[in-house]
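What follows is the content of work_23.tsv (TSV, N, CA, C and O atoms).
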chain	number	residue	atom	x	y	z
N	1	MET	N	103.48	93.25	111.66
N	1	MET	CA	103.49	94.62	112.11
N	1	MET	C	102.23	95.35	111.67
N	1	MET	O	101.59	96.03	112.46
N	2	PHE	N	101.87	95.21	110.39
N	2	PHE	CA	100.68	95.89	109.89
N	2	PHE	C	99.40	95.29	110.46
N	2	PHE	O	98.41	95.98	110.64
N	3	ARG	N	99.42	93.99	110.74
N	3	ARG	CA	98.23	93.35	111.32
N	3	ARG	C	97.93	93.93	112.69
N	3	ARG	O	96.77	94.18	113.03
N	4	GLN	N	98.96	94.13	113.50
N	4	GLN	CA	98.75	94.71	114.83
N	4	GLN	C	98.23	96.13	114.71
N	4	GLN	O	97.35	96.54	115.46
N	5	PHE	N	98.77	96.87	113.77
N	5	PHE	CA	98.32	98.25	113.57
N	5	PHE	C	96.86	98.29	113.12
N	5	PHE	O	96.06	99.08	113.61
N	6	LEU	N	96.50	97.40	112.18
N	6	LEU	CA	95.12	97.40	111.67
N	6	LEU	C	94.14	96.87	112.71
N	6	LEU	O	92.97	97.26	112.70
N	7	ASN	N	94.58	95.99	113.60
N	7	ASN	CA	93.69	95.50	114.66
N	7	ASN	C	93.40	96.58	115.69
N	7	ASN	O	92.36	96.55	116.34
N	8	GLN	N	94.28	97.54	115.86
N	8	GLN	CA	94.08	98.61	116.83
N	8	GLN	C	93.30	99.79	116.26
N	8	GLN	O	92.97	100.73	116.97
N	9	VAL	N	92.98	99.76	114.97
N	9	VAL	CA	92.28	100.87	114.32
N	9	VAL	C	90.81	100.85	114.72
N	9	VAL	O	90.14	99.83	114.63
N	10	ASP	N	90.32	101.98	115.19
N	10	ASP	CA	88.90	102.12	115.53
N	10	ASP	C	88.10	102.40	114.26
N	10	ASP	O	88.66	102.60	113.18
N	11	ASP	N	86.78	102.45	114.41
N	11	ASP	CA	85.92	102.73	113.25
N	11	ASP	C	86.16	104.12	112.68
N	11	ASP	O	86.11	104.31	111.48
N	12	LYS	N	86.44	105.08	113.53
N	12	LYS	CA	86.68	106.45	113.06
N	12	LYS	C	88.00	106.56	112.32
N	12	LYS	O	88.14	107.35	111.40
N	13	GLN	N	88.97	105.76	112.69
N	13	GLN	CA	90.28	105.85	112.07
N	13	GLN	C	90.33	105.19	110.70
N	13	GLN	O	91.27	105.40	109.95
N	14	VAL	N	89.31	104.40	110.37
N	14	VAL	CA	89.26	103.79	109.04
N	14	VAL	C	89.19	104.89	107.98
N	14	VAL	O	89.84	104.81	106.94
N	15	TYR	N	88.42	105.93	108.24
N	15	TYR	CA	88.31	107.04	107.29
N	15	TYR	C	89.65	107.75	107.13
N	15	TYR	O	90.00	108.18	106.02
N	16	LEU	N	90.39	107.87	108.21
N	16	LEU	CA	91.72	108.48	108.12
N	16	LEU	C	92.65	107.63	107.26
N	16	LEU	O	93.42	108.15	106.46
N	17	MET	N	92.59	106.32	107.42
N	17	MET	CA	93.46	105.43	106.64
N	17	MET	C	93.08	105.47	105.16
N	17	MET	O	93.95	105.49	104.29
N	18	ILE	N	91.79	105.52	104.87
N	18	ILE	CA	91.34	105.60	103.48
N	18	ILE	C	91.78	106.91	102.85
N	18	ILE	O	92.28	106.94	101.71
N	19	SER	N	91.64	108.02	103.57
N	19	SER	CA	92.04	109.32	103.01
N	19	SER	C	93.56	109.38	102.82
N	19	SER	O	94.04	109.95	101.84
N	20	LEU	N	94.32	108.78	103.72
N	20	LEU	CA	95.77	108.74	103.56
N	20	LEU	C	96.15	107.91	102.33
N	20	LEU	O	97.03	108.30	101.56
N	21	GLY	N	95.47	106.80	102.11
N	21	GLY	CA	95.72	105.98	100.94
N	21	GLY	C	95.40	106.71	99.65
N	21	GLY	O	96.16	106.65	98.68
N	22	ILE	N	94.28	107.43	99.62
N	22	ILE	CA	93.92	108.20	98.44
N	22	ILE	C	94.94	109.30	98.18
N	22	ILE	O	95.33	109.55	97.03
N	23	PHE	N	95.40	109.96	99.25
N	23	PHE	CA	96.40	111.01	99.13
N	23	PHE	C	97.68	110.49	98.49
N	23	PHE	O	98.19	111.06	97.53
N	24	PHE	N	98.20	109.37	99.00
N	24	PHE	CA	99.44	108.80	98.45
N	24	PHE	C	99.23	108.30	97.03
N	24	PHE	O	100.09	108.49	96.16
N	25	PHE	N	98.10	107.66	96.75
N	25	PHE	CA	97.82	107.16	95.41
N	25	PHE	C	97.79	108.31	94.41
N	25	PHE	O	98.38	108.21	93.33
N	26	PHE	N	97.14	109.43	94.76
N	26	PHE	CA	97.04	110.57	93.87
N	26	PHE	C	98.42	111.13	93.54
N	26	PHE	O	98.76	111.34	92.37
N	27	PHE	N	99.26	111.35	94.55
N	27	PHE	CA	100.55	111.96	94.30
N	27	PHE	C	101.52	110.99	93.62
N	27	PHE	O	102.38	111.43	92.85
N	28	ILE	N	101.38	109.71	93.84
N	28	ILE	CA	102.20	108.74	93.12
N	28	ILE	C	101.80	108.74	91.65
N	28	ILE	O	102.65	108.72	90.76
N	29	MET	N	100.49	108.79	91.37
N	29	MET	CA	100.04	108.80	89.98
N	29	MET	C	100.46	110.09	89.27
N	29	MET	O	100.85	110.06	88.10
N	30	VAL	N	100.38	111.23	89.93
N	30	VAL	CA	100.82	112.49	89.34
N	30	VAL	C	102.32	112.45	89.06
N	30	VAL	O	102.78	112.90	88.01
N	31	GLY	N	103.09	111.89	89.98
N	31	GLY	CA	104.54	111.77	89.79
N	31	GLY	C	104.87	110.89	88.59
N	31	GLY	O	105.75	111.22	87.79
N	32	ILE	N	104.17	109.78	88.46
N	32	ILE	CA	104.40	108.88	87.31
N	32	ILE	C	104.02	109.58	86.02
N	32	ILE	O	104.74	109.50	85.02
N	33	MET	N	102.90	110.31	86.04
N	33	MET	CA	102.47	111.03	84.84
N	33	MET	C	103.51	112.08	84.43
N	33	MET	O	103.82	112.23	83.24
N	34	LEU	N	104.07	112.78	85.40
N	34	LEU	CA	105.08	113.79	85.09
N	34	LEU	C	106.37	113.16	84.56
N	34	LEU	O	107.02	113.72	83.67
N	35	LEU	N	106.74	112.02	85.09
N	35	LEU	CA	107.95	111.35	84.60
N	35	LEU	C	107.79	110.82	83.18
N	35	LEU	O	108.75	110.77	82.42
N	36	LEU	N	106.56	110.44	82.81
N	36	LEU	CA	106.32	109.88	81.49
N	36	LEU	C	105.95	110.92	80.44
N	36	LEU	O	105.81	110.60	79.26
N	37	MET	N	105.82	112.18	80.87
N	37	MET	CA	105.42	113.24	79.95
N	37	MET	C	106.56	113.57	78.97
N	37	MET	O	107.73	113.52	79.33
N	38	LYS	N	106.20	113.90	77.74
N	38	LYS	CA	107.19	114.27	76.73
N	38	LYS	C	107.77	115.64	77.05
N	38	LYS	O	107.09	116.53	77.54
N	39	LYS	N	109.04	115.81	76.74
N	39	LYS	CA	109.72	117.07	77.04
N	39	LYS	C	109.13	118.23	76.24
N	39	LYS	O	109.03	119.35	76.75
N	40	GLU	N	108.69	117.99	75.01
N	40	GLU	CA	108.09	119.05	74.21
N	40	GLU	C	106.80	119.56	74.84
N	40	GLU	O	106.50	120.75	74.82
N	41	GLU	N	106.02	118.64	75.40
N	41	GLU	CA	104.76	119.02	76.04
N	41	GLU	C	105.02	119.85	77.29
N	41	GLU	O	104.32	120.82	77.56
N	42	VAL	N	106.04	119.49	78.05
N	42	VAL	CA	106.40	120.24	79.24
N	42	VAL	C	106.87	121.64	78.86
N	42	VAL	O	106.47	122.64	79.48
N	43	ASN	N	107.68	121.75	77.82
N	43	ASN	CA	108.14	123.07	77.36
N	43	ASN	C	106.98	123.92	76.87
N	43	ASN	O	106.93	125.13	77.13
N	44	TYR	N	106.05	123.30	76.15
N	44	TYR	CA	104.87	124.04	75.66
N	44	TYR	C	104.06	124.59	76.83
N	44	TYR	O	103.68	125.76	76.84
N	45	MET	N	103.80	123.76	77.83
N	45	MET	CA	103.01	124.20	78.97
N	45	MET	C	103.75	125.24	79.81
N	45	MET	O	103.12	126.12	80.39
N	46	SER	N	105.06	125.15	79.88
N	46	SER	CA	105.80	126.12	80.67
N	46	SER	C	105.81	127.50	80.00
N	46	SER	O	105.96	128.52	80.68
N	47	GLN	N	105.63	127.56	78.69
N	47	GLN	CA	105.61	128.81	77.98
N	47	GLN	C	104.21	129.42	77.86
N	47	GLN	O	104.09	130.57	77.45
N	48	LEU	N	103.17	128.70	78.22
N	48	LEU	CA	101.80	129.20	78.07
N	48	LEU	C	101.55	130.51	78.80
N	48	LEU	O	100.95	131.42	78.22
N	49	PRO	N	101.96	130.68	80.04
N	49	PRO	CA	101.66	131.96	80.72
N	49	PRO	C	102.39	133.15	80.09
N	49	PRO	O	101.97	134.29	80.25
N	50	LEU	N	103.45	132.89	79.36
N	50	LEU	CA	104.25	133.98	78.79
N	50	LEU	C	103.78	134.38	77.41
N	50	LEU	O	104.11	135.46	76.94
N	51	ASN	N	103.03	133.50	76.73
N	51	ASN	CA	102.56	133.80	75.38
N	51	ASN	C	101.33	134.70	75.43
N	51	ASN	O	100.46	134.56	76.28
N	52	ASP	N	101.27	135.64	74.47
N	52	ASP	CA	100.11	136.51	74.37
N	52	ASP	C	99.05	135.91	73.46
N	52	ASP	O	97.95	136.42	73.36
N	53	GLU	N	99.40	134.85	72.75
N	53	GLU	CA	98.47	134.21	71.82
N	53	GLU	C	97.42	133.45	72.59
N	53	GLU	O	97.61	133.00	73.69
N	54	GLU	N	96.26	133.28	71.94
N	54	GLU	CA	95.19	132.51	72.59
N	54	GLU	C	95.06	131.17	71.97
N	54	GLU	O	95.35	130.88	70.89
Show how you would write the structure in this file as structure tokens.
Amino acid sequence: MFRQFLNQVDDKQVYLMISLGIFFFFFIMVGIMLLLMKKEEVNYMSQLPLNDEE
């Protein structure tokens, strides 16, 4: 199935496929990073806009 799809891809569409791959890779990596983050760090960052301290 993927071979037929890749055989029909023109030269211009290669850039679209690369950008789509980068898009999915980025959001998958961000999702993994968020899942592996410590709860204390998430709580600290969520309180940053509310704190008056620098």
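Going from atom CA of Ser46 of chain N over to atom CA of Met33 of chain N, you cover 16.0 Å.
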Atom CA of Leu20 of chain N to atom N of Lys38 of chain N: how many Å, to one decimal?
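So the two atoms, atom CA of Leu20 of chain N and atom N of Lys38 of chain N, lie 28.3 Å apart.
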TODO: May I have all residues of chain N that DSSP, computed from the backbone, assigns to alpha helix (DSSP H), given as a VMD selection string?
DONE: chain N and resid 2 to 7 11 to 36 39 to 47
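The space separating atom CA of Val42 of chain N from atom CA of Gly21 of chain N comes to 28.1 Å.
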Take segment 20-31 of chain N, bring it up to all heavy atoms, and give me the output as an mmCIF file, keeping the file's coordinate frame.
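Full text of part-v5.cif as output:
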data_model
loop_
_atom_site.group_PDB
_atom_site.id
_atom_site.type_symbol
_atom_site.label_atom_id
_atom_site.label_comp_id
_atom_site.auth_asym_id
_atom_site.auth_seq_id
_atom_site.Cartn_x
_atom_site.Cartn_y
_atom_site.Cartn_z
ATOM 1 N N LEU N 20 94.320 108.780 103.720
ATOM 2 C CA LEU N 20 95.770 108.740 103.560
ATOM 3 C C LEU N 20 96.150 107.910 102.330
ATOM 4 O O LEU N 20 97.030 108.300 101.560
ATOM 5 C CB LEU N 20 96.423 108.156 104.812
ATOM 6 C CG LEU N 20 97.941 108.082 104.826
ATOM 7 C CD1 LEU N 20 98.529 109.489 104.804
ATOM 8 C CD2 LEU N 20 98.417 107.323 106.045
ATOM 9 N N GLY N 21 95.470 106.800 102.110
ATOM 10 C CA GLY N 21 95.720 105.980 100.940
ATOM 11 C C GLY N 21 95.400 106.710 99.650
ATOM 12 O O GLY N 21 96.160 106.650 98.680
ATOM 13 N N ILE N 22 94.280 107.430 99.620
ATOM 14 C CA ILE N 22 93.920 108.200 98.440
ATOM 15 C C ILE N 22 94.940 109.300 98.180
ATOM 16 O O ILE N 22 95.330 109.550 97.030
ATOM 17 C CB ILE N 22 92.505 108.795 98.599
ATOM 18 C CG1 ILE N 22 91.471 107.669 98.580
ATOM 19 C CG2 ILE N 22 92.201 109.828 97.530
ATOM 20 C CD1 ILE N 22 90.077 108.109 98.959
ATOM 21 N N PHE N 23 95.400 109.960 99.250
ATOM 22 C CA PHE N 23 96.400 111.010 99.130
ATOM 23 C C PHE N 23 97.680 110.490 98.490
ATOM 24 O O PHE N 23 98.190 111.060 97.530
ATOM 25 C CB PHE N 23 96.680 111.577 100.517
ATOM 26 C CG PHE N 23 97.775 112.601 100.568
ATOM 27 C CD1 PHE N 23 97.522 113.900 100.190
ATOM 28 C CD2 PHE N 23 99.042 112.257 100.989
ATOM 29 C CE1 PHE N 23 98.528 114.852 100.243
ATOM 30 C CE2 PHE N 23 100.049 113.196 101.049
ATOM 31 C CZ PHE N 23 99.794 114.508 100.669
ATOM 32 N N PHE N 24 98.200 109.370 99.000
ATOM 33 C CA PHE N 24 99.440 108.800 98.450
ATOM 34 C C PHE N 24 99.230 108.300 97.030
ATOM 35 O O PHE N 24 100.090 108.490 96.160
ATOM 36 C CB PHE N 24 99.970 107.681 99.337
ATOM 37 C CG PHE N 24 100.764 108.180 100.503
ATOM 38 C CD1 PHE N 24 100.340 107.927 101.795
ATOM 39 C CD2 PHE N 24 101.921 108.912 100.328
ATOM 40 C CE1 PHE N 24 101.062 108.387 102.879
ATOM 41 C CE2 PHE N 24 102.654 109.385 101.399
ATOM 42 C CZ PHE N 24 102.217 109.118 102.682
ATOM 43 N N PHE N 25 98.100 107.660 96.750
ATOM 44 C CA PHE N 25 97.820 107.160 95.410
ATOM 45 C C PHE N 25 97.790 108.310 94.410
ATOM 46 O O PHE N 25 98.380 108.210 93.330
ATOM 47 C CB PHE N 25 96.477 106.415 95.402
ATOM 48 C CG PHE N 25 96.069 105.937 94.049
ATOM 49 C CD1 PHE N 25 96.686 104.847 93.476
ATOM 50 C CD2 PHE N 25 95.061 106.582 93.347
ATOM 51 C CE1 PHE N 25 96.317 104.410 92.211
ATOM 52 C CE2 PHE N 25 94.687 106.157 92.098
ATOM 53 C CZ PHE N 25 95.308 105.065 91.528
ATOM 54 N N PHE N 26 97.140 109.430 94.760
ATOM 55 C CA PHE N 26 97.040 110.570 93.870
ATOM 56 C C PHE N 26 98.420 111.130 93.540
ATOM 57 O O PHE N 26 98.760 111.340 92.370
ATOM 58 C CB PHE N 26 96.164 111.659 94.510
ATOM 59 C CG PHE N 26 96.120 112.931 93.727
ATOM 60 C CD1 PHE N 26 95.345 113.019 92.592
ATOM 61 C CD2 PHE N 26 96.852 114.031 94.125
ATOM 62 C CE1 PHE N 26 95.303 114.198 91.860
ATOM 63 C CE2 PHE N 26 96.817 115.208 93.402
ATOM 64 C CZ PHE N 26 96.039 115.287 92.275
ATOM 65 N N PHE N 27 99.260 111.350 94.550
ATOM 66 C CA PHE N 27 100.550 111.960 94.300
ATOM 67 C C PHE N 27 101.520 110.990 93.620
ATOM 68 O O PHE N 27 102.380 111.430 92.850
ATOM 69 C CB PHE N 27 101.140 112.540 95.583
ATOM 70 C CG PHE N 27 100.541 113.868 95.913
ATOM 71 C CD1 PHE N 27 99.574 113.980 96.888
ATOM 72 C CD2 PHE N 27 100.905 114.991 95.203
ATOM 73 C CE1 PHE N 27 99.005 115.208 97.180
ATOM 74 C CE2 PHE N 27 100.340 116.224 95.477
ATOM 75 C CZ PHE N 27 99.388 116.328 96.472
ATOM 76 N N ILE N 28 101.380 109.710 93.840
ATOM 77 C CA ILE N 28 102.200 108.740 93.120
ATOM 78 C C ILE N 28 101.800 108.740 91.650
ATOM 79 O O ILE N 28 102.650 108.720 90.760
ATOM 80 C CB ILE N 28 102.080 107.348 93.749
ATOM 81 C CG1 ILE N 28 102.834 107.321 95.079
ATOM 82 C CG2 ILE N 28 102.604 106.269 92.812
ATOM 83 C CD1 ILE N 28 102.623 106.062 95.890
ATOM 84 N N MET N 29 100.490 108.790 91.370
ATOM 85 C CA MET N 29 100.040 108.800 89.980
ATOM 86 C C MET N 29 100.460 110.090 89.270
ATOM 87 O O MET N 29 100.850 110.060 88.100
ATOM 88 C CB MET N 29 98.511 108.630 89.902
ATOM 89 C CG MET N 29 98.031 107.274 90.349
ATOM 90 S SD MET N 29 98.811 105.892 89.485
ATOM 91 C CE MET N 29 98.218 106.149 87.843
ATOM 92 N N VAL N 30 100.380 111.230 89.930
ATOM 93 C CA VAL N 30 100.820 112.490 89.340
ATOM 94 C C VAL N 30 102.320 112.450 89.060
ATOM 95 O O VAL N 30 102.780 112.900 88.010
ATOM 96 C CB VAL N 30 100.448 113.691 90.242
ATOM 97 C CG1 VAL N 30 101.134 114.960 89.785
ATOM 98 C CG2 VAL N 30 98.946 113.870 90.271
ATOM 99 N N GLY N 31 103.090 111.890 89.980
ATOM 100 C CA GLY N 31 104.540 111.770 89.790
ATOM 101 C C GLY N 31 104.870 110.890 88.590
ATOM 102 O O GLY N 31 105.750 111.220 87.790
#
